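Q: Dropping a structure here in structure tokens format, bear with me for questions.
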Amino acid sequence: MIITCLVYDKRSLLACSLTCYSWYFAAVPHLHHTLTTDEWTLPPLHSRLRWPNPLRKSYTLGLLPLVKQFRIRAEYCEFGLDQLNWCTLRYFSALTNLQELGIDNLQASEFVPNPRRYFGHLAPTLRFLALKEPTGSCRQILYFVGLFPNLQDLKFNYSSPMREQDGVDDVALVPLSVPPLRGRLTLTCFSRNKLMRDMIVLFGGLRFRSMDLYMVTCVRLLLDGCGKTLETLRLYPSDPYSETFFPQDKVVVN
Amino acid sequence: MDKPVLFRQFNLSRSKSLRTLETTAESVTIAGDAALDSLRTILSTTTSPVLLDLVIVYWDSDVDINLDREPELEYRAACALRHQHRFTVFRGMHGARAFRLVLCADVLDETVESATGMLKQLVKAEKVRGGWSYLHCEPSVIAERRSSRARPIDSRPGSVDRRLVCASAL
């Protein structure tokens, strides 16, 4: 109970872990709750991801299964197959109890041929997936989402919305599972309406209980899709979506 | 009068199980005079049979906490104006549909106590002025604890799976 009060205080947790063996076991899961790849302040020369410094040490000490949340921050590079070499893949595969995963600049197309090799170990436990600026066709992204059969919360974050591009999509690509997705959907600067329409078709409808929508172009589709399940909605009166994207599309109200 | 398409999109008439409508204090301030109009329009479309909770999320920058020094008079006056504007918006919204008002401090761990304290003070001060007379019950103040290191997946304006740590009705 004492440890629970200190979950956000890393220094105190560290002190607790050194007190005795039982306190060590109580404190250590909180100490290793979160991992994030290091953030670059300047674009790296080779656009390579910098994996967390303690990763190798944590792997050696067997601490990676304690990590519940992992964020792959890739500010200046894309996250594709070339970021997972034999060494980092070995560490990544040790994250066997991950519940929350965030990936920046995911190149979904690169993982389509054999996704389970890279993400299969996360399938039983992952509840929350946050994708920032994912690239790839709608089917490829949904195929990636469908890798995680217990997923509840989903987040798509784009830095600026764009008119949807009419790209060629592989209609034969069907997700490996239908995640429940009954938690929270968070969309920021989201204009990929087709992705949501495909999600309704491939996952048999939308069932989110909570939504957080900012600068989203498919609001009506989402609200209608979650009509029976939606309990919480976050919206922003300062949402500039109307002026930015549909200046001509106004409705006159008396 | 022109209404941006946003309000037409947010038609909540089909959301029969809606219980909570959330927005952020910052967003209300940025929207300025348009905030009342937009929120009233959206609220008036709700058909959910239950009493709605209107949750206003206050981020670190909205709760006027400066741990380093006492804020200047000019700054305090500006903050007071912002709060008054928001309270005016809430009152106007209530005309469209009744709701329970909840003020939520979504701040870094070390400022949770001071942020909730400040929100409670605001509520009390408004009560003295009779500002809550239109509500069935006084606003509640709750807090969501956040640590910049502990929850790196979260980012504004969306928020996912934050831990509710205290909920105290005044």
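Residue names in the structure tokens use chain letters A, B, ... in the order shown, residue numbers from 1 in each chain, and ligand numbers from 1 in the order shown.
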Taking the chain letters and numbering used in this document, name the residues of range 14-253 of chain A that DSSP puts in helix (DSSP H, G or I), as an MDAnalysis selection string.
A: chainID A and resid 14:17 21:31 55:60 64:66 81:83 86:93 108:111 115:122 138:145 193:202 219:225 241:245
Q: I want to know what sits within 6 Å of range 197-214 of chain A, based on only C-alpha atoms, with residues of the same chain fewer than 3 positions away left out; could you give that as a PyMOL selection string?
A: (chain A and resi 178+182-188+194+225-226+229-235) or (chain B and resi 158)
Q: I need the residue nearest Gly227 in chain A from this list: B:Ala35, B:Val55, B:Ser48, B:Ala80. Use only C-alpha atoms for the distance.
A: B:Ser48
Q: Nearest to Leu108 in chain B among B:Ser61, B:Ala125, B:Thr88, B:Lys120, with distances taken over only C-alpha atoms: which residue is it?
A: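 Residue with the minimum atom-to-atom distance to Leu108 in chain B: B:Ser61.
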Q: As a list of chain:residue names, please: all residues of range 107-229 of chain A that backbone DSSP puts in strand (DSSP E or B).
A: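 So the strand (DSSP E or B) residues in range 107-229 of chain A would be A:Gln107, A:Phe128, A:Leu129, A:Ala130, A:Leu131, A:Lys132, A:Thr135, A:Asp153, A:Leu154, A:Lys155, A:Phe156, A:Asn157, A:Arg184, A:Leu185, A:Thr186, A:Leu187, A:Thr188, A:Cys189, A:Phe190, A:Ser210, A:Met211, A:Asp212, A:Leu213, A:Tyr214, A:Met215, A:Val216.
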Q: Excluding Ala96 in chain B and its own-chain neighbours fewer than 2 positions away, which residues fall within 7 Å of it when counting only C-alpha atoms? Please give them as a PyMOL selection string.
A: chain B and resi 40+43-44+93-94
Q: I need the residues from that last selection saved to file as a short mmCIF file (atom, residue, chain, number, x, y, z; two decimals), in the first residue's frame (with N, CA and C atoms), if you can.
A:
```
data_model
loop_
_atom_site.label_atom_id
_atom_site.label_comp_id
_atom_site.auth_asym_id
_atom_site.auth_seq_id
_atom_site.Cartn_x
_atom_site.Cartn_y
_atom_site.Cartn_z
N ARG B 40 -23.55 24.82 -26.69
CA ARG B 40 -25.02 24.80 -26.54
C ARG B 40 -25.64 24.00 -27.68
N LEU B 43 -24.90 20.33 -27.15
CA LEU B 43 -25.63 19.80 -25.98
C LEU B 43 -27.12 19.64 -26.28
N SER B 44 -27.65 20.54 -27.07
CA SER B 44 -29.09 20.49 -27.35
C SER B 44 -29.46 19.29 -28.23
N MET B 93 -24.76 27.07 -21.11
CA MET B 93 -24.99 25.72 -21.60
C MET B 93 -26.14 25.04 -20.88
N HIS B 94 -26.26 25.36 -19.59
CA HIS B 94 -27.29 24.71 -18.78
C HIS B 94 -28.69 25.00 -19.31
#
```
